[in-house]
Structure formats: C-alpha cells, structure tokens
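Written out below as structure tokens is the structure these notes cover.
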Amino acid sequence: MSPGPSRRRRFAAGMVAALILGAALSQWMLARARAQENRFRASRVAVVTVSALAEVAERAGGTGDGLRRAVAAFAGGDSSLVAARVMVLDGVSLEASTAPEDRGEKAAPRRLTQDEKPIYDQAQRLRAAVETNHQEGAARKPEIEVASSASGGLSLAAPLEKDGSVVGLVALETTPLPAAPHPDWLFSGLAVVVAAAVFWLMALATGERRTMLALVACLVLVAVMVVLGRQAFTAVSGDRRATESAVASAVTAEEGRAAKALQEVAPGGGLKPLQPASWDADLFRRPLGVIGADGKVDQAKFEQGLAAGASSTARVIGAIAVVALALLLFVGLGAASRLGATISKHHQAYTYTFPAIFGMLLLVFLPFLYGVVLAFTDSSIYTTQAPLSQVWVGLKNFVDILGDFHIAKSTAAGLVWNYQNLYWTLGVTIVWTVTNVAYGVGMGLFLALILNTKGLVFRPIYRVIFVMPWAMPNYITALIWKGMFHQQFGVINQIIQMFGGTPVAWFERPATSLFACIATNAWLSVPFMMVICLGALQSISADLYEAARVDGATRWQQFRSITLPSLKPALVPAVILSVIWTFNMFNIIYIVSGGDPEHSTEIMITQAYKFAFEQYRYGYAAAYSMVIFAILLAYGVWQNKVTKATEGI
Amino acid sequence: MKQRNSRLVICIALGLLCGVSAVAAPPVELVVWHAYRGGEAAALEKVVAAYNAARAGAGIKVTTLPVPYDAFADKITAAVPRGRGPDMFIFAQDRLGGWVEAGKTIEPIDFFVDQATKDRFIATTVEAMTYHGTIYALPLNYKVLTMVYNKKLVTKPPKTTGELVQLAKSLTDASTGRFGVAYWYTNFYYHAILMNAFGGGVFDAAGKPIINSPENVKSVELVMKWAEKDKFLPAEPSTVLVTSLFNDGKAAIVFNGPWFLGEIAQGVDYGLAPLPTVDEAGGKPMSPWMTVEGVFIAAGSKNKDAAYDFVKYLTDTPATKIMALEGRQTPANKAVYLDPQVAADPILKEFRQQVEVAVPMPNLAEMSMMWTPMTSAMAAAVQKSATPKAALDKAQAEVVEAVKLLRKQR
C-alpha cells in the first residue's frame with residue numbers, strides 16, 4: 001500500500017469532519033447565546049417593570065381600593081403584560097389582580113384558594129430571602145424570582161415592602177417572548193465548502209509531505225474559525241446593544257406608567273417620589289448602573305460589558321477550535337483509521353469487555369469526572385441547585401489548599417500548629433502510612449517466618465489466631481480499641497496503673513492520639529502482610545536452602561540471599577497496595593481518634609470528609625480529594641518506575 | 001436454550017403482572033419514610049392502618065417504608081430533589097435548615113397550617129420546625145435530657161445545683177469508682193443544659209455565632225468546677241461509661257435522654273425528675289436542648305394536599321396517644337397529656353414537665369460546623385490546656401471562619 005495518496009485523502013477527510021464540527025458547534029453556541037440574550041433582555045425589561053410595580057404598590061400602601069386602581073392603571077397601559085398581581089401574607093390575601101381568570105367570583109380582594117399555594121410559598125421565600133440577605137449583609141438569595149410561564153412568557157415576583165419589612169409580593173406575567181434569531185446555516189455552510197475547496201487545492205500543491213499537510217490543514221481551519229468567531233461577535237454585540245436600549249426605553253416608559261398609576265391613588269400627588277434609577281437591577285435588587293438616572297445608556301459601563309462579552313466569545317470559539325483541531329489531527333495523522341482497524345479486528349474482545357467498560361464508565365469514571373469538575377467550583381450546600389458555571393472559581397481552591405503555608409505560629413507559649421493546614425495533615429498522613437506499612441511488613445514477615453518453621457505444632461491454630469484481625473470487620477475492631485484507650489476504664493491504662501504508672505489521657509495530645517490510631521491499624525494490617533509472606537515463603541524451593549547449606553552459608557546469609565529476593569515479587573505489589581490503602585484508611589482515624597484533639601490527628605481523607613460533610617464546602621473538599629489523588633498517582637508512578645514490579649503482571 | 005427462553009417468558013409475564021397490579025392500585029397512594037424499629041414502628045403501622053381504614057372511601061392509602069437511620073438523611077438529600085423519594089418522611093429538625101438552603105427537598109406548609117393546628121402543639125416544638133419564619137413540618141415528638149436517679153442511692157432528687165453538689169459529693173468515692181453524678185459533660189449537646197440555663201447559645205437571632213459569649217464561658221466554668229474542685233464527675237465520660245456506671249450502681253444521678261431508659265439494667269430501681277435549677281445562674285432551670293421529630297412533606301410529592309391531611313392526622317391526639325403508649329414516644333401534642341392513660345404514665349408526665357424549660361436545638365445548616373470546634377473547646381477546657389474563655393474564643397473564630405467561607409456572596 002503506498003502511503004502517499006491515502007495520506008492526503010486522510011487529511012482531506014479530517015479537514016471536512018473538523019470543519020463541519022467546528023462550524024456546527026460554533027453556530028449552535030451562537031444560537032444558544034442569542035437565545036439567552038433574547039431571554040435576558042426580556043427578563044431585564046420585566047425586572048424593570050416588576051420593580052416599578054413593586055414601588056407603585058408600596059406607595060399605594062399595599063392594600064385597599066387605591067392599590068387595585070393603581071395596579072389596574074399600571075397594567076392596563078402595558079400591552080406586554082398578561083397579568084399583574086399583588087398578594088399580602090397577612091390574611092393570605094390576593095389584594096389586586098388583573099389576571100383574566102381573577103374576574104367575577106374570583107376577583108380580588110379574596111383569600112388565596114387551595115391551589116394557589118405556590119404564590120403564598122413564593123411570598124414567604126422572598127420574605128426569607130430579603131431578611132437573610134439583610135442579616136448576613138450579603139447578596140446570597142435572589143430577591144426577585146424569574147421563571148418561565150406556561151404560555152412561554154416570563155413570570156416574575158418581587159417582594160412587597162411596607163415600613164422596611166416584607167409583607168407580600170407583587171408578581172407579573174409577560175406575553176410570550178419574541179422568537180430568538182435563527183442560526184445562519186447558509187453562511188457557515190458556505191464557509192465549510194469554500195475552506196474544504198481551498199484546502200484541497202493547497203494539498204494538491206503541497207504534495208505528500210505529512211508535516212506540510214498538517215500545517216496547511218491547521219492554518220485553514222484556524223482561518224475559518226476566526227471568520228466564524230468574528231461573525232459570532234458581531235451578532236452578539238448587536239444583540240447586547242439592542243438589550244441596553246430596550247432596557248433604557250423600558251425605564252422611561254415604566255416611569256410614566258407608574259406616575260400615572262399613582263395619580264389613581266393620590267390625585268393631588270404628595271406621595272414619595274419614584275426612584276426609576278434603581279429599577280434596572282440584578283436579581284438581588286442591586287442596581288446595575290448601566291442605565292443612568294437620566295434614563296440613558298452609560299456608554300463607559302456598556303463598553304466594559306461589551307469587552308467582557310467579547311472575551312467570553314473568544315474563549316468559547318477558541319475552545320471549539322481546539323476540539324476541531326484535535327479531530328483534524330486525529331483523523332489526518334491516521335489515529336482514527338488505526339482505531340477503526342483495531343476495533344474491527346478485535347471486535348469480539350471489545351464486545352465481551354463492553355459491559356465492563358460501560359460499567360466502569362458509569363460507576364467509576366463519571367463520578368470521578370464530576371469530582372474533578374466540582375474541584376474547580378466553590379459549590380456548597382447553599383449552591384447545590386446553581387449551575388456549575390455560576391460557581392466556577394477556576395484554580396482558587398487549589399491555590400487556597402496548596403498555597404497556605406501558615407503551618408505554625410510562634411507565640412509566647414511556643415509553637416502553635418495550624419492543624420487544618422494541608423502540610424500538617426500531609427505530614428501526619430505520611431507518618432501514619434510509613435509507620436503502619438513498616439510495622440505491617442516487619443511483623444508480618446516475622447510471623448510468617450515463624451509459622452513457616454517445619455514441624456511447628458498447632459500451626460493451623462496459630463494461623464487462625466493471627467488471621468483473626470483480618471476476618472473481623474475493622475469497624476468493630478476500631479471501636480474495641482477506642483474503648484481500650486479510655487482514660488479511666490480502658491484496659492491499657494488499667495495495665496499502666498497496675499505497674500504503678502499514671503494513666504494517660506490518650507486523646508488529649510496529638511502524639512498519643514496518633515499512637516492510639518497507629519496501634520489499632522498496626523494490629524489490623526499484620527495479617528494481610530503475613531498471609532502474603534507466608535504464601536511466598538512456601539513457594540521457595542527447599543533445594544535452594546539445601547544447596548546453600550552445602551556451601552556453608554549461615555542462616556542470616558540464607559535469609560539475605562535466598563528468602564528476601566524470592567519474597568520481593570510478592571512483597572513489592574503488596575507494599576504498594578498497602579501504602580495506598582493505609583493512606584486512605586478512613587475508618588480507623590474517624591472512629592478511634594476522630595481527629596482529636598482539634599483535628600490534629602486527621603489524615604487527608606478524613607479531613608476531606610470533614611470539609612464536605614461538616615462544613616458543606618463540596619467544591620473545596622473535591623479539590624482536596626484531587627490533591628490526595630495526585631499524591632497517590634505520583635507515588636504509584638514513582639514506585640512503579642523504581643521497582644518495575646508490575647511488569648509482566 | 002429452550003429452558004432459558006421459557007424462564008425469560010415467565011419473567012416478562014411476572015413483570016407485566018406487576019405493572020398491571022400497579023395500575024389497578026387506588027387513585028392516591030402516599031409513601032411515608034421513617035427510621036423506626038420495634039415498638040415505635042408497630043405503633044406507626046397501627047396509626048397508618050387506622051388512617052387507611054378511615055380514608056378508604058376517599059381512595060387514599062398510606063404505606064410506610066422503614067429506612068435505616070444512618071442512611072436516612074443522605075437518602076432524602078439525594079433522592080427527593082431528583083424527583084424520587086417519598087411523599088412524607090419523619091425526621092428531626094437538625095437537617096431542616098440544610099434542606100431548605102439546598103432547595104427542592106422539603107415543602108413549606110405554612111399555607112396549610114391554621115392557628116388551631118399550631119395551638120395543639122407545645123409552642124417550642126413548632127418553633128423547632130420553623131426556619132426563617134416559615135413552618136416546614138408538624139412536630140410529632142420531642143426528646144430532651146432529664147435527670148435519672150437511682151432510688152436506692154437518692155431518696156429525694158435535688159431541686160437546685162446547691163443540693164445537687166452537696167448530695168453528689170457525699171455519694172462520690174474515687175477509690176471505689178463511685179460518682180455522685182455522671183453525664184457526658186464534655187459533649188456539647190449535654191453541656192447545653194448548663195449553657196442554656198445561663199442564657200447562652202451558639203447562634204443569635206440573626207444566625208451569627210456567639211460561642212464565646214460571657215454566658216457560655218460561665219457555664220463551662222461551672223462544669224469545670226464540678227469536675228476539678230468538687231470532683232463528683234467521672235473523667236472522659238461517654239454514653240457507654242455513663243450507662244455502665246449507672247447500671248453498676250456506681251453513679252447515683254445521670255442526666256440523659258429517653259433513649260437511656262431502655263438501657264437501664266433490670267433490677268435498677270430508677271426515678272425521673274426535672275433537671276435542677278442553677279444557683280450560679282440566678283436560679284434559672286437547667287434547660288436541655290430539644291430535638292423534635294417532625295413529619296415533613298417532600299417537595300417532590302404529587303399529592304401534597306392529601307399528604308398534609310395525613311401529617312395532620314398523625315400529629316393529632318388519637319394518633320399521638322398510640323405513638324406515646326405503644327411507641328413510647330413523648331408527643332409534641334399538648335392535648336394527649338390530658339388523656340387519663342397518658343397522664344398516669346410517670347415517664348411521659350415527667351418529660352412533659354421537663355420540656356417546659358427546654359430550648360429547641362437550632363436548625364440552621366451551620367449547626368453541623370459547630371460540633372467539632374465545640375467538642376475541641378470542651379475538651380481543651382476540661383483538660384485545662386486552655387482557659388474556658390480562650391477555648392471558646394478559638395471555637396468562635398473557627399466557626400465564624402467556616403460560616404464565612406460557606407456563605408459566600410454571589
């Protein structure tokens with residue numbers, strides 16, 4: 001097979017695939033962005049309206065016929081409103097409504113009916129939100145709620161205030177949103193066709209050189225993406241301009257309507273003046289400030305917003321370009337055809353492993369990926385419903401975790417350690433792991449050597465006894481050991497007292513507390529190592545020892561030159577595994593010391609647990625887990641390199 | 001192969017049958033999750049059966065599903081916001097704030113609850129079910145700490161801490177391991193009986209931590225005086241230790257909750273009495289924290305009106321009478337204590353008396369951040385590695401920091 005023509009054709013195929021993918025993705029993203037802007041525009045205009053209505057209702061006293069006349073006048077002049085409502089919590093009363101279904105028997109004022117519970121709940125929610133934000137001095141809970149209405153419009157609700165406290169809500173429903181502009185498929189289709197043709201012509205000129213072909217292909221693709229990006233930016237910035245002018249005209253219009261509505265309440269005036277500058281606000285009722293007090297667009301602020309939009313467009317298009325480039329190279333450099341060939345050649349193997357692969361993807365990789373994504377957010381119990389993009393903080397969690405070097409503080413009383421610090425916890429974890437594994441291996445080997453003695457009486461009984469710790473659930477073991485370390489009634493202190501010592505308060509100091517945990521886990525980790533060693537010992541041929549004895553080797557020499565090397569292939573993987581297990585041995589620390597005193601004996605995995613489920617900082621805890629994963633991964637790679645132990649397994 | 005096929009057919013047929021029977025079920029079926037076992041579960045079943053019999057005409061049927069307690073809250077947190085899970089569930093108030101903050105988990109029921117319904121409960125139990133001014137469940141029962149004493153050792157239960165100290169000191173003998181009083185005083189939940197007596201607390205009305213308030217410091221100082229100077233408390237207390245001391249007759253008085261009564265060994269003649277008043281706090285009574293179990297409606301329920309009907313029924317007098325007498329619960333319903341059978345029960349009567357001075361445990365989500373720093377602070381103070389003030393200052397700083405990191409501005 002001559003590689004020449006197939007190479008060029010491969011690049012052409014890759015080019016077409018990448019172009020189609022890039023163009024389709026960018027058109028799709030653009031369409032989404034424009035639809036979002038369309039909705040955003042409608043919602044910002046509606047926020048202006050609902051804020052104006054809330055102010056009218058407040059000026060009108062929140063109740064009575066004056067209010068009803070004002071609301072009717074306000075809503076009557078606005079063709080974009082389907083309904084406006086005012087509801088007061090006290091008495092669960094619908095005070096005013098212009099909704100078509102609230103006429104005749106159901107005309108306001110009346111008590112809410114059983115199926116209008118959501119309105120009441122919404123009012124309670126807004127009241128709680130305003131109070132919470134006020135108490136915390138922060139903007140944490142939305143004070144204006146925006147949702148899609150059944151008819152395809154928006155339904156909004158804002159708190160109704162009286163003397164500074166929330167007494168109910170004003171709500172409105174808008175007519176269906178205008179349709180979002182359609183994506184320009186013709187333009188992008190044309191771009192794809194032209195670019196493909198240009199590439200083919202250039203490829204004919206380039207010949208069969210692989211690097212050149214790749215270079216040309218990349219250049220053409222990047223050029224197309226730049227063109228598509230410019231088109232997207234023009235469309236998006238046009239939309240933004242339209243939004244700002246729509247909001248500016250809405251502020252002016254609502255001001256007129258509100259003033260007219262207030263005439264219904266107090267024909268001679270005398271009410272507090274309206275504050276239209278505060279109407280264009282975010283959902284926390286913080287004024288956005290793009291529309292000035294004069295009702296005009298503040299150009300400087302607008303340009304600032306536009307620049308931010310441009311950079312986000314560039315980011316999205318850039319990301320799409322990267323994906324398209326990857327596809328181009330994947331196909332062009334031949335990886336795709338190789339993958340196809342393997343799959344068709346070994347299709348039976350792939351069929352058989354498919355269930356396992358699928359299961360792993362679903363149960364292992366998906367949650368893992370979710371954890372990775374979570375690590376870049378500051379998701380917490382307060383933001384579980386928020387989309388990830390809203391809580392995205394980039395590398396902040398990692399910077400906070402890894403960049404915090406306040407490990408200790410020197411005070412008059414000596415060093416005071418910061419036990420919540422990563423490096424302290426890492427130190428404890430390393431001490432914990434090394435001690436446990438060293439003891440496990442040493443003691444396991446020692447016991448295995450004894451048990452391996454020929455002609456040992458009652459060997460099966462010893463074996464059962466030594467394997468016992470392994471057979472017991474370690475949860476139970478940990479609880480028993482915790483009891484044994486009790487200051488007053490624990491058996492260990494009883495023994496110390498029997499020999500005249502003073503009882504030790506084990507969990508009051510970091511060192512003794514960690515010792516208690518290590519003692520527990522050491523007891524647990526011996527049997528595993530012992531079983532591994534025993535198995536390996538029994539597979540060593542007796543001839544080797546006999547030959548060594550004939551040569552006059554001592555017992556120690558036999559051990560050094562025969563036993564240890566023969567144990568190595570079994571022992572090294574066991575040590576690797578054991579290090580990883582011990583590093584993440586949650587149960588023992590959690591149960592025995594629980595991190596006492598003051599989180600000082602926490603190992604990394606229990607610390608991560610506490611961040612997640614005691615402090616509810618899910619994002620931070622996920623980042624912490626990623627750090628653990630990185631450490632173990634690095635350790636595993638290093639260990640593998642050093643020992644080459646898993647070769648051939 | 002043939003056999004396998006026929007098995008497949010049977011399986012499909014069974015599946016179809018199940019499907020058909022599900023379609024034929026009554027129009028409204030409500031599921032309630034609970035973590036009860038033994039007598040409590042049986043009592044609940046009895047109430048549910050009575051309810052189903054009463055509502056058979058309306059086509060409403062309630063079924064119960066016991067869920068292990070350890071997994072309960074996490075199951076609710078995971079299942080309900082995703083549209084699965086029960087229509088109702090029974091749980092204590094400690095997770096309430098977290099569920100409200102997370103959203104889409106529990107349904108506010110303010111709209112349903114009228115004044116008459118509210119009035120049938122002990123007021124503080126309704127308060128426990130209220131978060132930022134909105135009621136989220138009707139209270140079913142409460143648990144509070146009280147004083148349990150060994151009648152052989154204590155003839156007249158102390159009414160004040162002065163009497164308590166005097167009596168306890170006379171009953172303590174360190175050489176034989178006898179103690180006048182035993183309770184888990186290093187555990188913050190137990191310590192709260194003193195903290196609340198002094199008028200302290202962990203969060204103020206606006207949800208700000210007030211762990212190092214002077215009242216809290218005074219309360220820690222008092223318990224340290226008991227442990228260090230008066231020496232009538234055992235060192236390193238725990239539930240297991242307290243239970244074994246009491247059962248061996250080595251602790252005359254313990255402060256413990258209703259769960260403790262089941263662990264008292266046969267042959268120990270015990271009595272209950274309200275916790276004494278605290279002389280050091282100007283004669284205010286020791287006020288235990290109250291945990292209240294409420295019946296919640298899941299946000300995902302399709303039949304909230306019907307669910308509320310059951311919630312109301314379950315917390316009404318006839319149902320709570322069954323829960324009290326057969327399930328050994330202490331009901332949050334006031335009227336049930338007027339029933340002669342309930343009134344004749346010394347235990348229920350005593351807890352009813354004790355709950356009068358109890359304080360609902362805060363249901364803020366931030367409560368969970370408070371336990372570890374408070375446990376450390378209590379330990380540091382009792383072990384004298386820090387003064388009570390310094391220990392509480394440290395805990396305050398930690399909690400403030402944790403709260404600040406959580407409540408980030410959007």
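Letters for chains follow the order of the structure tokens (A, B, ...), residue numbers begin at 1 for each chain, and ligand numbers begin at 1 in the order shown.
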
Using only C-alpha atoms, determine which residues of chain B fall within 8 Å of chain A; present them as a PyMOL selection string. chain B and resi 98+101-103+108+110-111+132-134+206-207+235-236+366+368-369+372-373+376+379+383+402+406-410

When DSSP is applied to the backbone of this structure, which of stretch 21-189 of chain A are assigned alpha helix (DSSP H)? Write them out as a ChimeraX atom specification. /A:21-59,65-76,117-136,185-189

Skip stretch 439-441 of chain A itself and residues of its chain fewer than 3 positions away, then list as a CSV table (one decimal) with C-alpha atoms, in the first residue's frame all residues within 10 Å of it, counting only C-alpha atoms.
```csv
chain,number,residue,atom,x,y,z
A,433,THR,CA,1.3,5.5,56.4
A,434,VAL,CA,5.0,4.8,56.8
A,435,THR,CA,4.7,3.6,60.4
A,436,ASN,CA,1.8,1.3,59.6
A,444,GLY,CA,4.0,-9.9,59.0
A,445,LEU,CA,7.3,-11.2,57.7
A,446,PHE,CA,8.5,-12.1,61.2
A,447,LEU,CA,5.3,-14.1,62.0
A,518,ILE,CA,-1.4,3.6,64.7
A,519,ALA,CA,-1.6,0.8,67.3
A,521,ASN,CA,-4.2,-0.1,62.4
A,522,ALA,CA,-0.9,-1.9,63.0
A,523,TRP,CA,-2.9,-4.7,64.6
A,524,LEU,CA,-5.2,-4.8,61.6
A,525,SER,CA,-2.5,-4.6,58.9
A,526,VAL,CA,-0.3,-7.5,60.1
A,527,PRO,CA,-2.4,-10.4,58.9
A,528,PHE,CA,-2.5,-9.3,55.3
A,529,MET,CA,1.2,-9.0,55.1
A,530,MET,CA,1.7,-12.3,56.9
A,532,ILE,CA,1.3,-12.7,51.5
A,533,CYS,CA,4.7,-13.5,53.0
A,571,LEU,CA,6.0,-8.3,48.6
A,574,ALA,CA,1.6,-5.8,48.4
A,575,VAL,CA,3.6,-2.9,49.8
A,578,SER,CA,-0.8,-1.4,51.4
```

Quick one: pick out all strand (DSSP E or B) residues within stretch 42-135 of chain B from a backbone DSSP run and write them as a VMD selection string. chain B and resid 60 to 66 88 to 92 106 121 130 to 131 134 to 135

Residues within 12 Å of B:Thr161, only C-alpha atoms, excluding chain neighbours under 6 positions, as a ChimeraX atom specification: /B:167-169,181,194,197,222-223,226,275-286

Can you spit out the residues from that selection as a PDB file, in the first residue's frame, using N, CA and C atoms?
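File written: result16.pdb
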```pdb
ATOM      1  N   LEU B 167     -25.224  16.666  97.644  1.00  0.00           N
ATOM      2  CA  LEU B 167     -25.583  15.250  97.579  1.00  0.00           C
ATOM      3  C   LEU B 167     -24.525  14.455  96.810  1.00  0.00           C
ATOM      4  N   ALA B 168     -24.098  15.015  95.675  1.00  0.00           N
ATOM      5  CA  ALA B 168     -23.168  14.295  94.808  1.00  0.00           C
ATOM      6  C   ALA B 168     -21.840  14.071  95.513  1.00  0.00           C
ATOM      7  N   LYS B 169     -21.376  15.090  96.215  1.00  0.00           N
ATOM      8  CA  LYS B 169     -20.105  14.954  96.903  1.00  0.00           C
ATOM      9  C   LYS B 169     -20.173  13.848  97.961  1.00  0.00           C
ATOM     10  N   VAL B 181     -22.664  12.145  90.314  1.00  0.00           N
ATOM     11  CA  VAL B 181     -23.355  12.462  89.067  1.00  0.00           C
ATOM     12  C   VAL B 181     -22.497  11.978  87.916  1.00  0.00           C
ATOM     13  N   LEU B 194     -26.476  23.334  80.778  1.00  0.00           N
ATOM     14  CA  LEU B 194     -25.952  24.431  81.598  1.00  0.00           C
ATOM     15  C   LEU B 194     -25.887  25.721  80.793  1.00  0.00           C
ATOM     16  N   ALA B 197     -29.091  27.357  80.614  1.00  0.00           N
ATOM     17  CA  ALA B 197     -29.526  27.879  81.906  1.00  0.00           C
ATOM     18  C   ALA B 197     -28.955  29.274  82.125  1.00  0.00           C
ATOM     19  N   LEU B 222     -18.533  26.543  85.297  1.00  0.00           N
ATOM     20  CA  LEU B 222     -19.279  25.804  86.313  1.00  0.00           C
ATOM     21  C   LEU B 222     -19.013  24.302  86.200  1.00  0.00           C
ATOM     22  N   VAL B 223     -19.064  23.777  84.978  1.00  0.00           N
ATOM     23  CA  VAL B 223     -18.859  22.338  84.841  1.00  0.00           C
ATOM     24  C   VAL B 223     -17.427  21.971  85.212  1.00  0.00           C
ATOM     25  N   TRP B 226     -17.207  21.613  88.892  1.00  0.00           N
ATOM     26  CA  TRP B 226     -17.740  20.312  89.301  1.00  0.00           C
ATOM     27  C   TRP B 226     -16.710  19.206  89.102  1.00  0.00           C
ATOM     28  N   LEU B 275     -34.580  18.419  85.687  1.00  0.00           N
ATOM     29  CA  LEU B 275     -33.220  18.874  85.974  1.00  0.00           C
ATOM     30  C   LEU B 275     -33.277  20.003  86.998  1.00  0.00           C
ATOM     31  N   PRO B 276     -32.302  20.065  87.892  1.00  0.00           N
ATOM     32  CA  PRO B 276     -32.348  21.091  88.944  1.00  0.00           C
ATOM     33  C   PRO B 276     -32.144  22.498  88.404  1.00  0.00           C
ATOM     34  N   THR B 277     -32.464  23.466  89.222  1.00  0.00           N
ATOM     35  CA  THR B 277     -32.182  24.852  88.846  1.00  0.00           C
ATOM     36  C   THR B 277     -30.737  25.166  89.192  1.00  0.00           C
ATOM     37  N   VAL B 278     -30.189  26.183  88.516  1.00  0.00           N
ATOM     38  CA  VAL B 278     -28.772  26.501  88.679  1.00  0.00           C
ATOM     39  C   VAL B 278     -28.637  27.749  89.545  1.00  0.00           C
ATOM     40  N   ASP B 279     -28.118  27.576  90.748  1.00  0.00           N
ATOM     41  CA  ASP B 279     -27.951  28.719  91.651  1.00  0.00           C
ATOM     42  C   ASP B 279     -27.043  29.762  91.028  1.00  0.00           C
ATOM     43  N   GLU B 280     -25.987  29.293  90.367  1.00  0.00           N
ATOM     44  CA  GLU B 280     -24.996  30.206  89.796  1.00  0.00           C
ATOM     45  C   GLU B 280     -25.591  31.050  88.678  1.00  0.00           C
ATOM     46  N   ALA B 281     -26.716  30.592  88.104  1.00  0.00           N
ATOM     47  CA  ALA B 281     -27.358  31.354  87.029  1.00  0.00           C
ATOM     48  C   ALA B 281     -28.600  32.058  87.552  1.00  0.00           C
ATOM     49  N   GLY B 282     -28.600  32.347  88.841  1.00  0.00           N
ATOM     50  CA  GLY B 282     -29.712  33.078  89.419  1.00  0.00           C
ATOM     51  C   GLY B 282     -30.979  32.240  89.536  1.00  0.00           C
ATOM     52  N   GLY B 283     -30.802  30.935  89.748  1.00  0.00           N
ATOM     53  CA  GLY B 283     -31.955  30.082  89.972  1.00  0.00           C
ATOM     54  C   GLY B 283     -32.713  29.697  88.717  1.00  0.00           C
ATOM     55  N   LYS B 284     -32.112  29.938  87.549  1.00  0.00           N
ATOM     56  CA  LYS B 284     -32.761  29.514  86.302  1.00  0.00           C
ATOM     57  C   LYS B 284     -32.634  27.995  86.180  1.00  0.00           C
ATOM     58  N   PRO B 285     -33.645  27.330  85.610  1.00  0.00           N
ATOM     59  CA  PRO B 285     -33.542  25.873  85.481  1.00  0.00           C
ATOM     60  C   PRO B 285     -32.533  25.474  84.402  1.00  0.00           C
ATOM     61  N   MET B 286     -31.904  24.323  84.596  1.00  0.00           N
ATOM     62  CA  MET B 286     -31.100  23.741  83.512  1.00  0.00           C
ATOM     63  C   MET B 286     -32.035  23.494  82.340  1.00  0.00           C
TER      64      MET B 286
END
```

Name all residues at most 9 Å from B:Lys208 (count only C-alpha atoms; drop same-chain ones fewer than 3 positions away) and give them as a short mmCIF file (atom, residue, chain, number, x, y, z; two decimals) with N, CA and C atoms, in the first residue's frame.
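In the end it all went to around.cif:
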```cif
data_model
loop_
_atom_site.label_atom_id
_atom_site.label_comp_id
_atom_site.auth_asym_id
_atom_site.auth_seq_id
_atom_site.Cartn_x
_atom_site.Cartn_y
_atom_site.Cartn_z
N GLN A 135 -29.66 40.22 57.10
CA GLN A 135 -28.95 39.77 58.31
C GLN A 135 -27.49 39.48 58.03
N GLU A 136 -27.24 38.86 56.88
CA GLU A 136 -25.87 38.46 56.60
C GLU A 136 -25.09 39.59 55.94
N VAL B 202 -25.52 29.22 70.79
CA VAL B 202 -24.46 29.17 69.77
C VAL B 202 -24.70 30.16 68.65
N PHE B 203 -25.96 30.45 68.33
CA PHE B 203 -26.24 31.45 67.29
C PHE B 203 -27.23 32.47 67.85
N ASP B 204 -27.06 33.72 67.47
CA ASP B 204 -28.04 34.70 67.90
C ASP B 204 -29.22 34.69 66.92
N ALA B 205 -30.15 35.59 67.14
CA ALA B 205 -31.38 35.56 66.34
C ALA B 205 -31.09 35.75 64.85
N VAL B 400 -16.83 31.11 62.94
CA VAL B 400 -17.04 32.31 62.14
C VAL B 400 -16.38 32.15 60.78
N VAL B 403 -18.32 29.62 58.64
CA VAL B 403 -19.58 30.20 58.16
C VAL B 403 -19.30 31.19 57.04
#
```
